[in-house]
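File shown: data-v2.cif. Contents: mmCIF, C-alpha atoms and all ligand atoms.
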data_data
loop_
_atom_site.label_atom_id
_atom_site.label_comp_id
_atom_site.auth_asym_id
_atom_site.auth_seq_id
_atom_site.Cartn_x
_atom_site.Cartn_y
_atom_site.Cartn_z
CA SER A 145 -111.67 -125.05 -2.53
CA ARG A 146 -110.13 -128.48 -2.04
CA MET A 147 -111.08 -129.50 -5.58
CA ASP A 148 -109.47 -126.35 -7.07
CA GLN A 149 -106.33 -127.20 -5.12
CA PHE A 150 -106.47 -130.76 -6.45
CA LEU A 151 -106.78 -129.50 -10.04
CA ALA A 152 -104.01 -126.92 -9.66
CA GLN A 153 -101.49 -129.49 -8.45
CA LEU A 154 -102.52 -132.33 -10.78
CA PRO A 155 -99.74 -133.16 -13.29
CA LYS A 156 -100.97 -132.23 -16.77
CA VAL A 157 -100.44 -132.90 -20.45
CA GLU A 158 -101.66 -130.60 -23.25
CA LEU A 159 -102.24 -131.96 -26.75
CA HIS A 160 -104.24 -129.27 -28.54
CA LEU A 161 -102.56 -125.89 -28.42
CA HIS A 162 -101.87 -123.45 -31.24
CA ILE A 163 -98.73 -121.54 -30.37
CA GLU A 164 -100.00 -118.52 -32.33
CA GLY A 165 -103.07 -118.72 -30.08
CA THR A 166 -100.91 -118.02 -27.01
CA LEU A 167 -100.01 -114.55 -28.30
CA GLU A 168 -101.29 -112.31 -25.50
CA PRO A 169 -102.31 -108.74 -26.43
CA GLU A 170 -99.39 -107.35 -24.38
CA MET A 171 -96.86 -109.42 -26.31
CA MET A 172 -98.59 -108.58 -29.59
CA PHE A 173 -98.05 -104.89 -28.84
CA ALA A 174 -94.45 -105.45 -27.75
CA LEU A 175 -93.59 -107.42 -30.90
CA ALA A 176 -95.40 -104.90 -33.12
CA GLU A 177 -93.25 -102.16 -31.64
CA ARG A 178 -90.05 -104.22 -31.90
CA ASN A 179 -90.80 -104.88 -35.60
CA GLY A 180 -92.15 -101.43 -36.53
CA ILE A 181 -95.65 -102.73 -37.29
CA ALA A 182 -98.77 -100.63 -36.66
CA LEU A 183 -101.74 -102.34 -34.98
CA PRO A 184 -105.32 -101.13 -35.55
CA TYR A 185 -105.96 -100.93 -31.75
CA ARG A 186 -105.08 -98.28 -29.19
CA SER A 187 -103.96 -100.63 -26.45
CA PRO A 188 -103.81 -104.26 -25.35
CA GLU A 189 -107.03 -103.63 -23.41
CA ALA A 190 -108.81 -102.31 -26.53
CA LEU A 191 -107.62 -105.37 -28.43
CA ARG A 192 -108.85 -107.72 -25.73
CA GLU A 193 -112.26 -106.06 -25.90
CA ALA A 194 -112.43 -106.92 -29.60
CA TYR A 195 -112.21 -110.64 -28.73
CA GLN A 196 -115.93 -111.32 -29.05
CA PHE A 197 -116.50 -114.00 -31.60
CA ASP A 198 -119.67 -115.22 -33.33
CA ASN A 199 -118.12 -118.32 -34.84
CA LEU A 200 -114.82 -119.91 -35.89
CA GLN A 201 -114.26 -117.58 -38.86
CA SER A 202 -114.69 -114.36 -36.87
CA PHE A 203 -111.99 -115.64 -34.49
CA LEU A 204 -109.67 -116.76 -37.29
CA ASP A 205 -109.78 -113.31 -38.91
CA LEU A 206 -108.36 -111.69 -35.74
CA TYR A 207 -105.99 -114.59 -35.04
CA TYR A 208 -104.31 -114.36 -38.46
CA GLN A 209 -104.16 -110.58 -38.20
CA GLY A 210 -102.47 -110.87 -34.79
CA ALA A 211 -99.95 -113.45 -36.01
CA ALA A 212 -98.60 -110.87 -38.47
CA VAL A 213 -96.43 -109.34 -35.70
CA LEU A 214 -94.31 -112.53 -35.65
CA ARG A 215 -91.32 -111.95 -37.92
CA THR A 216 -88.00 -113.03 -36.40
CA ARG A 217 -86.51 -116.10 -34.80
CA ASP A 218 -86.63 -114.28 -31.44
CA ASP A 219 -90.35 -113.56 -31.89
CA PHE A 220 -91.11 -117.27 -32.25
CA TYR A 221 -88.75 -118.11 -29.39
CA ASP A 222 -90.31 -115.54 -27.05
CA LEU A 223 -93.84 -116.60 -27.97
CA ALA A 224 -93.14 -120.28 -27.29
CA MET A 225 -91.08 -119.63 -24.16
CA ALA A 226 -93.89 -117.57 -22.58
CA TYR A 227 -96.23 -120.56 -23.04
CA PHE A 228 -93.62 -123.04 -21.74
CA LYS A 229 -93.07 -120.90 -18.64
CA ARG A 230 -96.81 -120.86 -18.10
CA CYS A 231 -96.84 -124.66 -18.41
CA ASP A 232 -94.21 -124.92 -15.70
CA GLN A 233 -96.41 -122.85 -13.40
CA GLU A 234 -99.44 -125.05 -14.13
CA GLN A 235 -97.74 -128.46 -13.78
CA ILE A 236 -98.04 -129.13 -17.51
CA LEU A 237 -95.19 -131.60 -17.93
CA HIS A 238 -95.62 -132.55 -21.57
CA TYR A 239 -97.09 -130.53 -24.44
CA GLU A 240 -97.62 -130.98 -28.16
CA ILE A 241 -97.88 -127.61 -29.81
CA MET A 242 -99.22 -126.79 -33.27
CA PHE A 243 -97.92 -124.07 -35.51
CA ASP A 244 -99.33 -122.82 -38.82
CA PRO A 245 -96.32 -122.30 -41.13
CA GLN A 246 -98.44 -121.09 -44.07
CA THR A 247 -99.63 -118.10 -42.04
CA HIS A 248 -95.99 -117.00 -41.85
CA LEU A 249 -94.55 -118.30 -45.15
CA ASN A 250 -97.20 -116.35 -47.04
CA ARG A 251 -95.93 -113.14 -45.36
CA GLY A 252 -92.31 -113.83 -46.29
CA VAL A 253 -91.19 -115.42 -43.00
CA ARG A 254 -88.94 -118.39 -43.72
CA MET A 255 -89.45 -121.91 -42.37
CA ASN A 256 -85.95 -121.76 -40.85
CA THR A 257 -86.87 -118.62 -38.89
CA MET A 258 -89.91 -120.29 -37.32
CA MET A 259 -88.20 -123.59 -36.69
CA GLU A 260 -85.07 -122.09 -35.10
CA GLY A 261 -87.21 -120.06 -32.70
CA LEU A 262 -89.61 -122.86 -31.78
CA VAL A 263 -87.02 -125.64 -31.50
CA GLY A 264 -84.69 -123.35 -29.52
CA ALA A 265 -87.47 -122.69 -27.03
CA GLN A 266 -88.35 -126.40 -26.82
CA GLN A 267 -84.74 -127.26 -26.01
CA ASP A 268 -84.47 -124.52 -23.37
CA ALA A 269 -87.78 -125.58 -21.78
CA GLN A 270 -86.53 -129.15 -21.58
CA ARG A 271 -83.35 -127.92 -19.87
CA HIS A 272 -84.91 -125.36 -17.51
CA TYR A 273 -88.19 -127.08 -16.65
CA GLY A 274 -87.59 -130.73 -17.45
CA ALA A 275 -90.67 -130.64 -19.67
CA SER A 276 -91.00 -132.68 -22.85
CA SER A 277 -92.69 -131.43 -25.99
CA ASN A 278 -93.55 -132.25 -29.59
CA LEU A 279 -94.12 -130.02 -32.57
CA ILE A 280 -97.14 -130.45 -34.88
CA LEU A 281 -97.02 -128.73 -38.26
CA SER A 282 -100.58 -127.79 -39.06
CA LEU A 283 -101.89 -127.04 -42.56
CA LEU A 284 -104.50 -124.38 -43.26
CA ARG A 285 -107.51 -126.11 -44.77
CA HIS A 286 -108.94 -122.95 -46.38
CA LEU A 287 -105.91 -122.87 -48.72
CA PRO A 288 -105.36 -125.23 -51.67
CA GLU A 289 -103.71 -128.57 -50.97
CA GLU A 290 -100.78 -127.55 -53.24
CA ASP A 291 -99.99 -124.66 -50.89
CA GLY A 292 -99.87 -127.12 -47.97
CA ILE A 293 -97.64 -129.49 -49.93
CA ALA A 294 -95.27 -126.58 -50.68
CA ALA A 295 -95.07 -125.88 -46.93
CA LEU A 296 -94.33 -129.56 -46.26
CA GLU A 297 -91.53 -129.47 -48.83
CA GLN A 298 -89.99 -126.49 -47.03
CA ALA A 299 -90.20 -128.42 -43.77
CA LYS A 300 -88.39 -131.47 -45.14
CA PRO A 301 -84.96 -130.46 -43.76
CA TRP A 302 -86.64 -130.20 -40.32
CA GLN A 303 -88.57 -133.46 -40.56
CA HIS A 304 -86.80 -135.07 -37.58
CA LEU A 305 -87.72 -132.18 -35.28
CA ILE A 306 -91.40 -132.29 -36.22
CA ASN A 307 -93.57 -135.02 -34.77
CA ALA A 308 -96.90 -134.80 -36.57
CA ILE A 309 -99.01 -133.11 -39.22
CA GLY A 310 -102.25 -131.35 -38.28
CA LEU A 311 -105.11 -129.65 -40.12
CA ASP A 312 -106.85 -126.50 -38.90
CA SER A 313 -108.58 -123.23 -39.93
CA SER A 314 -112.04 -122.83 -41.52
CA GLU A 315 -113.65 -126.26 -41.26
CA ARG A 316 -116.95 -125.92 -43.12
CA GLY A 317 -116.54 -126.46 -46.86
CA ASN A 318 -112.97 -127.74 -46.42
CA PRO A 319 -113.33 -131.48 -45.77
CA PRO A 320 -110.36 -133.62 -44.70
CA SER A 321 -110.43 -135.48 -48.05
CA LYS A 322 -109.01 -132.32 -49.67
CA PHE A 323 -105.66 -133.10 -47.97
CA LYS A 324 -105.18 -136.80 -48.72
CA ARG A 325 -101.95 -136.30 -50.71
CA ALA A 326 -100.48 -133.84 -48.20
CA PHE A 327 -101.05 -136.34 -45.38
CA GLU A 328 -99.45 -139.10 -47.45
CA LEU A 329 -96.38 -136.90 -47.87
CA ALA A 330 -96.28 -136.28 -44.10
CA ASP A 331 -96.53 -140.05 -43.60
CA SER A 332 -93.44 -140.47 -45.79
CA TYR A 333 -91.63 -138.11 -43.37
CA GLY A 334 -92.46 -140.54 -40.55
CA TRP A 335 -94.89 -138.12 -38.86
CA HIS A 336 -98.03 -138.91 -36.88
CA ARG A 337 -101.30 -137.50 -38.19
CA VAL A 338 -103.99 -135.44 -36.43
CA ALA A 339 -106.75 -133.18 -37.76
CA HIS A 340 -109.39 -130.77 -36.51
CA ALA A 341 -112.76 -132.35 -37.30
CA GLY A 342 -116.26 -132.11 -35.88
CA GLU A 343 -115.70 -128.71 -34.25
CA GLU A 344 -118.05 -126.66 -36.47
CA GLY A 345 -118.10 -129.23 -39.25
CA PRO A 346 -120.27 -132.37 -39.34
CA ALA A 347 -119.60 -135.84 -37.92
CA ASP A 348 -118.87 -137.00 -41.49
CA TYR A 349 -115.65 -134.97 -41.42
CA ILE A 350 -114.49 -137.12 -38.48
CA TRP A 351 -115.09 -140.28 -40.53
CA GLU A 352 -113.18 -138.67 -43.42
CA ALA A 353 -110.24 -137.70 -41.23
CA LEU A 354 -110.06 -141.30 -40.00
CA ARG A 355 -110.50 -142.94 -43.41
CA ASP A 356 -108.81 -140.57 -45.84
CA LEU A 357 -106.12 -139.03 -43.62
CA GLN A 358 -105.54 -141.99 -41.28
CA VAL A 359 -105.37 -139.70 -38.26
CA ARG A 360 -104.33 -140.97 -34.83
CA ARG A 361 -106.23 -138.27 -32.91
CA ILE A 362 -109.18 -135.99 -33.62
CA ASP A 363 -108.86 -132.36 -32.58
CA HIS A 364 -112.20 -131.31 -31.03
CA GLY A 365 -114.52 -134.03 -32.41
CA VAL A 366 -117.37 -132.96 -30.13
CA ARG A 367 -119.93 -133.26 -32.93
CA CYS A 368 -119.31 -137.04 -33.09
CA GLN A 369 -122.45 -137.48 -31.00
CA GLU A 370 -124.57 -136.71 -34.06
CA ASP A 371 -123.61 -140.18 -35.40
CA ALA A 372 -124.17 -143.17 -33.09
CA GLN A 373 -122.08 -145.50 -35.26
CA LEU A 374 -119.20 -143.07 -35.14
CA VAL A 375 -119.40 -142.90 -31.34
CA GLU A 376 -119.26 -146.71 -31.27
CA TYR A 377 -116.19 -146.66 -33.50
CA LEU A 378 -114.39 -144.02 -31.43
CA ILE A 379 -115.03 -146.00 -28.25
CA HIS A 380 -114.02 -149.34 -29.76
CA HIS A 381 -110.77 -147.99 -31.24
CA GLN A 382 -110.15 -145.56 -28.37
CA VAL A 383 -109.51 -142.73 -30.83
CA PRO A 384 -108.48 -139.75 -28.69
CA LEU A 385 -110.48 -136.51 -28.90
CA THR A 386 -108.66 -133.32 -27.88
CA VAL A 387 -111.61 -131.37 -26.48
CA CYS A 388 -111.32 -127.60 -25.80
CA PRO A 389 -114.23 -126.44 -23.62
CA LEU A 390 -113.64 -122.66 -23.33
CA SER A 391 -112.85 -122.50 -27.05
CA ASN A 392 -116.13 -124.24 -27.88
CA VAL A 393 -118.12 -121.73 -25.81
CA ARG A 394 -116.26 -118.67 -27.15
CA LEU A 395 -116.80 -119.82 -30.75
CA GLY A 396 -120.47 -120.65 -30.25
CA VAL A 397 -120.21 -124.43 -30.63
CA TYR A 398 -122.04 -124.49 -27.25
CA ASN A 399 -123.91 -121.57 -25.72
CA ASP A 400 -122.86 -122.51 -22.23
CA LEU A 401 -120.33 -124.84 -20.59
CA ARG A 402 -123.18 -126.60 -18.80
CA GLN A 403 -124.37 -127.80 -22.22
CA HIS A 404 -120.94 -129.13 -23.17
CA ASN A 405 -120.76 -132.88 -23.85
CA LEU A 406 -117.27 -133.46 -22.39
CA LYS A 407 -118.55 -135.32 -19.33
CA GLN A 408 -121.04 -137.34 -21.38
CA LEU A 409 -118.35 -138.40 -23.85
CA LEU A 410 -116.08 -139.39 -20.97
CA GLU A 411 -118.83 -141.44 -19.34
CA LEU A 412 -119.61 -143.15 -22.65
CA GLY A 413 -116.01 -144.41 -22.57
CA LEU A 414 -114.41 -142.24 -25.24
CA CYS A 415 -110.74 -141.34 -24.89
CA VAL A 416 -111.42 -137.67 -24.08
CA THR A 417 -108.64 -135.20 -23.27
CA LEU A 418 -108.99 -131.57 -22.14
CA ASN A 419 -107.05 -128.71 -23.76
CA SER A 420 -106.96 -124.94 -24.18
CA ASP A 421 -106.68 -124.46 -28.00
CA ASP A 422 -105.94 -120.69 -28.21
CA PRO A 423 -105.72 -119.56 -24.58
CA ALA A 424 -104.85 -115.90 -25.28
CA TYR A 425 -108.09 -115.55 -27.24
CA PHE A 426 -110.50 -117.79 -25.34
CA GLY A 427 -110.09 -116.64 -21.77
CA GLY A 428 -107.63 -119.01 -20.21
CA TYR A 429 -104.94 -121.66 -20.14
CA LEU A 430 -105.36 -125.31 -19.22
CA THR A 431 -105.99 -124.90 -15.48
CA THR A 432 -108.59 -122.18 -16.15
CA ASN A 433 -110.32 -124.57 -18.57
CA MET A 434 -110.32 -127.28 -15.92
CA LEU A 435 -111.72 -125.00 -13.21
CA ALA A 436 -114.46 -123.73 -15.55
CA VAL A 437 -115.40 -127.32 -16.48
CA GLN A 438 -115.43 -128.34 -12.84
CA ASN A 439 -117.68 -125.44 -11.99
CA ALA A 440 -120.12 -126.26 -14.82
CA LEU A 441 -120.06 -130.07 -15.00
CA LYS A 442 -118.75 -131.33 -11.62
CA LEU A 443 -116.41 -134.18 -12.48
CA SER A 444 -115.13 -136.58 -9.83
CA GLU A 445 -111.43 -136.80 -8.92
CA THR A 446 -111.40 -140.18 -10.66
CA GLN A 447 -112.71 -138.55 -13.85
CA TRP A 448 -110.03 -135.86 -13.69
CA ILE A 449 -107.34 -138.49 -13.30
CA GLN A 450 -108.91 -140.37 -16.23
CA LEU A 451 -108.65 -137.23 -18.42
CA THR A 452 -104.95 -136.91 -17.59
CA THR A 453 -104.28 -140.62 -18.12
CA ASN A 454 -106.05 -140.35 -21.47
CA ALA A 455 -103.80 -137.43 -22.45
CA ILE A 456 -100.66 -139.36 -21.50
CA ASN A 457 -101.83 -142.38 -23.51
CA ALA A 458 -102.90 -140.22 -26.46
CA SER A 459 -99.63 -138.28 -26.56
CA PHE A 460 -96.81 -138.97 -28.99
CA ALA A 461 -94.24 -139.06 -26.19
CA PRO A 462 -91.84 -142.02 -26.21
CA VAL A 463 -92.99 -144.97 -24.03
CA GLU A 464 -90.33 -144.30 -21.38
CA ARG A 465 -91.59 -140.73 -21.05
CA LYS A 466 -95.19 -141.89 -20.85
CA MET A 467 -94.23 -144.23 -18.01
CA ALA A 468 -92.45 -141.40 -16.19
CA LEU A 469 -95.55 -139.19 -16.54
CA LYS A 470 -97.85 -141.82 -14.94
N1 LIG B 1 -106.75 -122.42 -35.58
C1 LIG B 1 -106.51 -122.04 -34.34
N2 LIG B 1 -107.48 -122.47 -33.52
C2 LIG B 1 -108.35 -123.16 -34.27
C3 LIG B 1 -109.55 -123.86 -34.03
N3 LIG B 1 -110.07 -123.96 -32.81
N4 LIG B 1 -110.18 -124.42 -35.06
C4 LIG B 1 -109.69 -124.33 -36.30
N5 LIG B 1 -108.58 -123.69 -36.59
C5 LIG B 1 -107.90 -123.11 -35.59
ZN ZN B 2 -107.50 -125.91 -32.49
#

Can I see the file as structure tokens?
Ligand code: ADE
Ligand code: ZN
Amino acid sequence: SRMDQFLAQLPKVELHLHIEGTLEPEMMFALAERNGIALPYRSPEALREAYQFDNLQSFLDLYYQGAAVLRTRDDFYDLAMAYFKRCDQEQILHYEIMFDPQTHLNRGVRMNTMMEGLVGAQQDAQRHYGASSNLILSLLRHLPEEDGIAALEQAKPWQHLINAIGLDSSERGNPPSKFKRAFELADSYGWHRVAHAGEEGPADYIWEALRDLQVRRIDHGVRCQEDAQLVEYLIHHQVPLTVCPLSNVRLGVYNDLRQHNLKQLLELGLCVTLNSDDPAYFGGYLTTNMLAVQNALKLSETQWIQLTTNAINASFAPVERKMALK
């Protein structure tokens, strides 16, 4: 349709994307073979069939298991480059990608290995596609804060190539306040701060991320609507929310896209952005998310342009780059 055409060609920005969540079953099998690792599935198709999640934790279990095939610098390069190529095909001109170093450090993969692969791919994508990108080092909230601080210390030599700290993994029972000191350390590196909050966890975790971690953006944040004062605050301060519609449906945050509050939040005047989260696991990249949202919620062209403008404003790109993107 004309609207699908409009969405396909619209210049895009992606702000909530886990690079480990772009590991397609085919690449997982290829890397497993390259590294001599056995996978507990017969084929990429059999693996894909196992992607039926009841909640965040049931997804995370498979996601961490899958990430275990990533061992070498080339593995991280190939993983990132496949996503960057995809971005070029979808008119995604700027992206801010998260990675979970603890997932890899705790298996004996060194910070240098990850960083050389990821930064190498970022540089090549800039050269080949003219795209700009930022790297967000995300801490695993189910692990102790000390483990996160140890990861940050390993990242210190790379601090100028990392743009922000993030916080992800099992939300319930792991409130943002647990990571106050880690976020202060990241602040001393000159990094921006973001955190997953209000995905499965309560609206209070969004307040905590704002107060205790001083975050500049909230990843997900869809449960903010359970607290009217919080909604007021998010509107007044234009705190960006990086909303991930297909992810929310696949993880049972909403039963159906038609029940998703993305359009409502946008119409209330929140700084909403649209993102794909873990596209290899949740059924599609950014354009697929947009088409599914359009099908379920029917946004106007003006609203789609607003979502993109919000993402440009909410990004950590330098001002000159932001102006070029507009
Ligand atoms: N890690 C990867 N994707 C995530 C999500 N949607 N929520 C929390 N942790 C994650
Ligand atoms: Zn996420």

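Of note, CA of Lys229 (chain A) and CA of Ala152 (chain A) are spaced 15.4 Å apart.
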
Give me, as number ranges by chain, the set of residues whose atoms come within 6 Å of any atom of ligand LIG 1 (chain B), counting only C-alpha atoms and all ligand atoms.
A: 162, 312-314, 421-422

Once you count only C-alpha atoms and all ligand atoms, which residues end up within 12 Å of ligand ZN 2 (chain B), and could you hand them over as a PyMOL selection string?
chain A and resi 158-166+200+203-204+207+240-244+280+282-284+310-315+338-344+362-365+385-392+395+418-423+425-426

Within 9 Å of Gly334 (chain A), counting only C-alpha atoms, which residues show up once you throw out same-chain ones fewer than 3 positions away? Write them as a VMD selection string, please.
chain A and resid 303 to 304 307 to 308 330 to 331

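When only C-alpha atoms are used to compute distances to Lys470 (chain A), the closest of the residues A:Trp448, A:Leu305, A:Lys156, A:Ala294 turns out to be A:Lys156.
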
Go through A:Val157, A:Val253, A:Ala436, A:Ala295 and flag the residue nearest Phe460 (chain A), using only C-alpha atoms for the distances.
A:Val157

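Atom pair CA of Leu441 (chain A) / CA of Met147 (chain A) has a distance of 13.0 Å (rounded to one decimal).
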
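Proximity to Val213 (chain A) at 8 Å, evaluated using all atoms listed in the file and with sequence-adjacent residues fewer than 5 positions away removed, yields Met172, Leu175, Ala176, Asn179 and Ile181 of chain A.
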
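The closest residue to Ser321 (chain A), picked from A:Ala353, A:Leu296, A:Ile449, A:Met171 and counting only C-alpha atoms, is A:Ala353.
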
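Of the listed residues A:His336, A:Arg465, A:Arg367, A:Arg254, the one whose atoms come nearest to Phe220 (chain A) is A:Arg254, with distances taken using all atoms listed in the file.
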
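Note that the spacing between CA of His248 (chain A) and CA of Asp222 (chain A) amounts to 15.9 Å.
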
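Contact shell of Phe173 (chain A) at 10 Å (only C-alpha atoms; same-chain neighbours under 2 positions omitted): Leu167, Glu168, Pro169, Glu170, Met171, Leu175, Ala176, Glu177, Arg178, Asn179, Ile181, Ala182, Leu183, Tyr185, Arg186, Ser187, Pro188, Leu191, Gly210 and Val213 of chain A.
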
Report the centre and edge lengths, in Å to one decimal, of an axis-aligned box enclosing every atom of region 195-203 of chain A listed in the file, padded by 6 Å on each side, as JSON.
{"center_x": -115.8, "center_y": -115.3, "center_z": -33.8, "size_x": 19.7, "size_y": 21.3, "size_z": 22.1}

Shell of 8 Å around Lys466 (chain A), only C-alpha atoms, local chain residues under 4 positions omitted, as a list in words:
Ile456, Asn457, Ala461, Pro462 and Lys470 of chain A
